[in-house]
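J.: Sharing a structure, written as structure tokens. Questions coming.
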Amino acid sequence: MSEVAPQLQDHAVGLEQEIVELARQADQAAHDGWPGREAELRRDLDGLYSELAAAAERLTEQATAMTPAAQIDAPAAGPRAGI
């Protein structure tokens with residue numbers, strides 16, 4: 001089985017790291033009393049969250065496409081006596 005798009009996985013991890021850093025900066029801006037800067041960073045965060053959600057959706061689609069369908073290896077059930 002091949003691996004799910006490693007570049008896309010790396011991209012998702014990079015987005016997560018960028019989100020953490022921007023959230024830290026936005027919190028610091030709020031603490032320091034810079035509402036304009038905080039609002040700008042929060043808008044940037046919204047875009048990153050959307051991009052991360054799209055990447056996660058693509059990763060899920062790829063993983064689902066690579067997963068073989070479940071197969072049941074059991075004898076077929078026949079009519080049950082006494083019902």
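So you can find residues: chains in the structure tokens are A, B, ... in the order shown, residues in each start at 1, and ligands are numbered from 1 in order.
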Neighbours of region 19-36 of chain A within 12 Å (only C-alpha atoms; same-chain residues fewer than 2 positions away dropped), as an MDAnalysis selection string?
T.: chainID A and resid 12:17 38:52
J.: Between A:Asp73, A:Arg37, A:Leu59, A:Ala54, which has the minimum distance to Gln7 (chain A) (counting only C-alpha atoms)?
T.: A:Leu59
J.: Please identify the alpha helix (DSSP H) residues within chain A (assignment by DSSP from backbone atoms) and present them as a PyMOL selection string.
T.: chain A and resi 6-32+35-66
J.: Find the residues around Val4 (chain A) up to 9 Å (only C-alpha atoms counted), leave out those fewer than 3 positions away in its own chain, and share them as an MDAnalysis selection string.
T.: chainID A and resid 7:9 59 62:63 66
J.: I'd like the interatomic distance between CA of Pro68 (chain A) and CA of Pro6 (chain A), to a tenth of an Å.
T.: 19.9 Å
J.: Would you compute the distance between CA of Gln71 (chain A) and CA of Ala56 (chain A)? Give it in Å to one decimal.
T.: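 Computed distance, CA of Gln71 (chain A) to CA of Ala56 (chain A), equals 26.9 Å.
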